[in-house]
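J.: I'd like to ask some things about the structure below.
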Amino acid sequence: MRVSFELSPSDIRYFRDRLKAGSRGDSARAEHRVIRSATKLVGDAIAAKPPDFVRDRILKLEQMIAMLRDRDWRLEGRDRMRILDALAYFVEPDDLIPDRVPGIGYLDDAIMIELVVRELAHEIEAYQDFCEFRGRANTEDPARLETRREALQARMRRRRRRVRSTRVSSPRSSRAPLGLW
């Protein structure tokens with residue numbers, strides 16, 4: 001069975017505000033603590049045996065965590081902060097539906113994960129491409145891996161800028177995506 005719903009611009013604004021509040025509330029925390037807490041959340045959520053569509057989205061957090069932990073990927077600056085801000089939202093105990101509510105506790109998290117994954121699509125795609133390259137390339141040559149990493153991160157930033165310029169140039173268009181950041 002397929003269940004779908006449409007989020008209005010005000011719904012997106014609501015989730016954007018929650019994301020900003022979560023990242024502000026966690027800005028004083030150390031990065032390793034956010035990563036550790038997000039990793040624990042994934043484990044707790046999976047242990048709660050949520051519905052498949054929620055579980056599938058929760059598992060997407062693992063890739064964001066991997067992006068931050070991967071020493072070869074070396075995500076830095078604002079690119080790194082976008083991922084940390086997203087993870088900080090998920091480790092906040094006060095969300096729309098408390099995680100401890102059986103059956104639906106992670107539903108709001110699944111919605112936010114879907115929005116975050118769409119927003120970070122270029123970052124996630126670049127990281128997947130990097131991992132594939134690393135898996136099939138001669139990683140004994142660090143210069144080759146570094147060159148590929150730099151090219152993929154540059155592509156990621158170009159694509160993100162292109163999406164942002166679309167939002168700015170046509171903010172009232174129903175086709176222009178509403179961003180979380």
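The chains in the structure tokens are called A, B, ... from first to last as shown; in each chain the residues are counted from 1, and the ligands are counted from 1 in the order shown.
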Pick out each residue of stretch 12-72 of chain A that DSSP on the backbone tags as alpha helix (DSSP H); I need them as number ranges by chain.
T.: A: 12-25, 31-47, 52-58, 60-69
J.: Considering only C-alpha atoms, can you say which of A:Ala21, A:Leu7, A:Met81, A:Leu152 comes closest to A:His122?
T.: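 Among the listed residues, the smallest separation from A:His122 belongs to A:Leu152.
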J.: For A:Asp79, please output as a list in words all residues within 10 Å (counting only C-alpha atoms; exclusion window: fewer than 6 positions along the same chain).
T.: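 Everything that qualifies: Leu120, Glu123, Gln153, Met156 and Arg157 of chain A.
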J.: For A:Leu59, which residue out of A:Ala126, A:Leu75, A:Ile111, A:Val42 is the nearest one, using only C-alpha atoms?
T.: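 Looking only at the distances to A:Leu59, the closest residue turns out to be A:Val42.
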J.: Which residue gives the smallest distance to A:Ala48 among A:Ile104, A:Ala143, A:Ile124, A:Leu84, with only C-alpha atoms counted?
T.: A:Ile104
J.: Skip A:Cys131 itself and residues of its chain fewer than 4 positions away, then list as a ChimeraX atom specification all residues within 12 Å of it, counting only C-alpha atoms.
T.: /A:63,66-67,70-73,124-127,135-137,139,145,148-149,152
J.: How would the residues just picked look written out with C-alpha atoms as a short mmCIF file (atom, residue, chain, number, x, y, z; two decimals), in the first residue's frame?
T.:
```cif
data_model
loop_
_atom_site.label_atom_id
_atom_site.label_comp_id
_atom_site.auth_asym_id
_atom_site.auth_seq_id
_atom_site.Cartn_x
_atom_site.Cartn_y
_atom_site.Cartn_z
CA GLN A 63 25.27 7.68 5.85
CA ALA A 66 29.69 8.12 7.95
CA MET A 67 30.27 11.32 5.96
CA ASP A 70 35.29 9.36 7.05
CA ARG A 71 38.84 10.71 7.25
CA ASP A 72 39.36 10.35 3.50
CA TRP A 73 36.24 12.40 2.69
CA ILE A 124 25.05 12.40 -0.23
CA GLU A 125 25.46 11.69 -3.94
CA ALA A 126 29.02 13.07 -3.95
CA TYR A 127 29.91 10.94 -0.92
CA GLY A 135 36.33 0.95 -3.53
CA ARG A 136 37.44 0.36 -7.10
CA ALA A 137 40.46 2.69 -7.34
CA THR A 139 43.77 3.79 -2.81
CA LEU A 145 41.95 9.83 -4.01
CA ARG A 148 38.67 12.76 -6.78
CA ARG A 149 37.50 14.02 -3.38
CA LEU A 152 33.32 15.63 -6.07
#
```
J.: Near A:Met112, counting only C-alpha atoms, which residues have an atom at most 10 Å away, once you skip same-chain residues fewer than 5 positions from it, shown as an NGL selection string?
T.: :A and (12 or 15-16 or 18-19 or 57-58 or 86 or 89-90 or 106-107 or 117-118 or 180)
J.: Store the residues of this selection in a file with N, CA and C atoms, as a short mmCIF file (atom, residue, chain, number, x, y, z; two decimals), in the first residue's frame.
T.:
```
data_model
loop_
_atom_site.label_atom_id
_atom_site.label_comp_id
_atom_site.auth_asym_id
_atom_site.auth_seq_id
_atom_site.Cartn_x
_atom_site.Cartn_y
_atom_site.Cartn_z
N ILE A 12 6.71 23.12 5.54
CA ILE A 12 8.17 23.13 5.34
C ILE A 12 8.81 24.16 6.27
N PHE A 15 9.10 22.71 9.76
CA PHE A 15 10.23 21.79 9.90
C PHE A 15 11.55 22.55 9.81
N ARG A 16 11.63 23.57 8.98
CA ARG A 16 12.85 24.38 8.90
C ARG A 16 13.12 25.05 10.24
N ARG A 18 12.12 24.04 13.18
CA ARG A 18 12.52 23.00 14.14
C ARG A 18 13.98 22.60 13.92
N LEU A 19 14.39 22.52 12.67
CA LEU A 19 15.78 22.18 12.37
C LEU A 19 16.71 23.25 12.90
N ARG A 57 14.11 5.27 6.59
CA ARG A 57 14.59 6.65 6.69
C ARG A 57 15.60 6.82 7.83
N ILE A 58 15.35 6.17 8.93
CA ILE A 58 16.29 6.23 10.07
C ILE A 58 17.66 5.73 9.62
N ALA A 86 21.90 18.96 10.87
CA ALA A 86 20.84 17.98 10.65
C ALA A 86 20.86 16.92 11.76
N TYR A 89 19.49 18.08 15.16
CA TYR A 89 18.03 18.06 15.28
C TYR A 89 17.56 16.71 15.81
N PHE A 90 18.12 15.65 15.26
CA PHE A 90 17.64 14.31 15.60
C PHE A 90 18.01 13.87 17.01
N TYR A 106 8.80 7.72 16.00
CA TYR A 106 9.83 8.17 15.07
C TYR A 106 9.24 8.69 13.75
N LEU A 107 7.92 8.83 13.70
CA LEU A 107 7.28 9.30 12.47
C LEU A 107 7.71 10.71 12.09
N VAL A 117 17.36 14.59 3.70
CA VAL A 117 18.01 13.82 2.63
C VAL A 117 17.81 14.51 1.29
N ARG A 118 16.64 15.05 1.07
CA ARG A 118 16.41 15.79 -0.19
C ARG A 118 17.27 17.05 -0.24
N LEU A 180 15.60 23.86 3.56
CA LEU A 180 15.65 23.83 5.02
C LEU A 180 16.70 24.76 5.56
#
```
